[in-house]
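Presented below is the structure to which this report refers.
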Amino acid sequence: MVFDFKIVEGLALSSMTSTIRDSLTGVECVTYEHKETHDGALLLPFESLEELCSAKGITAPKIPAMLSRRLTTGAKYAVQLSSCFSEQKIDAVVFSSRHGELKRNEKILLNIAKDEAVSPTDFSMSVHNVAVSQFLIAQHLRVPYSSVAAGANTFVQSLYEIEAFLLAGYQNILYVDFDSQIPDVFSAHITNDVLSLSYATAFLIKRGGHFELQSSSCNQSNGLATNCPQSLLFYGAWALGRERIKLASSNYSVSLIRDGNGK
């Protein structure tokens with residue numbers, strides 16, 4: 001599969017960079033190929049919005065305090081990063097999250113288990129598309145959007161969603177991937193192929209580049225698999241200019257190969 005797009009800008013945010021770094025120690029998956037060099041360098045996400053905006057030379061977006069309090073950590077990161085692109089032309093938006101609003105759902109389930117009333121706010125803020133809808137409302141944007149969840153394949157499936165928007169004629173796509181720490185009540189029921197952390201990545205994507213997707217089966221014991229979120233691996237490799245970006249989970253391996261226009 002060839003994706004005909006390029007990344008104009010990318011941002012990443014997480015307060016748990018030490019956890020990310022530890023998860024990648026000794027993992028072959030982070031050895032990116034770039035011409036003659038082979039190294040395991042990974043550009044980690046910024047730890048705060050202020051740090052990110054200072055490094056990028058942009059003004060920190062103003063997020064309404066009430067909205068910030070209502071969002072889970074990962075969703076808040078997603079809205080913050082999205083708002084950094086508010087001055088850009090955006091024709092369509094794709095958000096993705098493997099687990100969505102588990103924290104809100106945990107609270108709802110506990111209320112039901114105790115035979116207590118469910119808060120209307122908790123109910124309305126528990127749906128999967130809450131982050132993208134809150135961003136669009138806050139920025140007064142009226143554009144098409146998607147909210148993608150596809151388990152371990154969420155990131156790769158989102159690339160297909162982006163390509164579909166571009167083929168439909170939309171020129172400027174904002175893509176955001178995020179997640180929050182998994183609540184303890186769910187952790188025993190979720191496979192250990194995912195790192196429990198709060199993070200967000202955001203990319204402004206346009207037509208005109210070239211990413212080739214190659215997939216193959218792999219076994220977790222071969223050292224390729226990592227439980228670090230795939231969009232964070234992609235962000236690090238893209239920011240460092242890697243030409244081949246290898247992503248792997250417990251049952252498959254994906255390589256994204258870009259030409260000079262992939263940016």
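Letters A, B, ... go to the chains of the structure tokens in the order shown; residues in each chain start at 1; ligands are counted from 1 in the same order.
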Write out as a PyMOL selection string which residues come within 10 Å of Leu44 of chain A when counting only C-alpha atoms, dropping same-chain ones fewer than 6 positions away. chain A and resi 12-14+16-18+20-21+232-233+235-237+239
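Contact shell of Leu166 of chain A at 10 Å (only C-alpha atoms; same-chain neighbours under 3 positions omitted): Phe3, Asp4, Phe5, Asp91, Ala92, Tyr160, Glu161, Ile162, Glu163, Gly169, Tyr170, Gln171, Asn172, Ile173, Ile205, Lys206 and Arg207 of chain A.
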Residue subset to file, keeping C-alpha atoms, as a PDB file, in the first residue's frame:
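Everything below was put into selection-v7.pdb:
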ATOM      1  CA  PHE A   3       0.071   6.519   0.943  1.00  0.00           C
ATOM      2  CA  ASP A   4       0.295   9.658  -1.173  1.00  0.00           C
ATOM      3  CA  PHE A   5       0.830  12.247   1.546  1.00  0.00           C
ATOM      4  CA  ASP A  91     -10.094  20.639   5.936  1.00  0.00           C
ATOM      5  CA  ALA A  92     -10.683  17.434   7.915  1.00  0.00           C
ATOM      6  CA  TYR A 160      -5.934   4.484   5.750  1.00  0.00           C
ATOM      7  CA  GLU A 161      -8.558   6.890   7.100  1.00  0.00           C
ATOM      8  CA  ILE A 162      -6.289   9.845   6.291  1.00  0.00           C
ATOM      9  CA  GLU A 163      -5.683   8.533   2.773  1.00  0.00           C
ATOM     10  CA  GLY A 169     -10.525  15.841  -2.063  1.00  0.00           C
ATOM     11  CA  TYR A 170      -9.670  17.197   1.376  1.00  0.00           C
ATOM     12  CA  GLN A 171      -6.253  18.849   1.179  1.00  0.00           C
ATOM     13  CA  ASN A 172      -5.164  19.512   4.777  1.00  0.00           C
ATOM     14  CA  ILE A 173      -5.692  16.793   7.372  1.00  0.00           C
ATOM     15  CA  ILE A 205      -0.714  16.110   6.683  1.00  0.00           C
ATOM     16  CA  LYS A 206      -1.061  17.149   3.050  1.00  0.00           C
ATOM     17  CA  ARG A 207      -1.135  15.464  -0.329  1.00  0.00           C
TER      18      ARG A 207
END
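Considering the residues A:Asp122, A:Phe85, A:Arg69, A:Gly208 and counting only C-alpha atoms, Leu110 of chain A has its shortest atom-to-atom contact with A:Asp122.
Residue nearest His210 of chain A within the list A:Arg142, A:Lys6, A:Lys62, A:Lys103: A:Lys6 [criterion: smallest interatomic distance, only C-alpha atoms].
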Could you list, as a PyMOL selection string, every residue within 8 Å of Val94 of chain A, counting only C-alpha atoms and ignoring same-chain residues fewer than 5 positions away? chain A and resi 132+145-148+158+161-162+173-176
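When atom CA of Glu9 of chain A is paired with atom CA of Ala78 of chain A, their separation reads 15.1 Å.
The space separating atom CA of Ser96 of chain A from atom CA of Ala150 of chain A comes to 8.7 Å.
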Nearby residues (only C-alpha atoms) at most 7 Å from Gly10 of chain A, same-chain spacing under 3 positions excluded, as a VMD selection string: chain A and resid 202 to 204 235
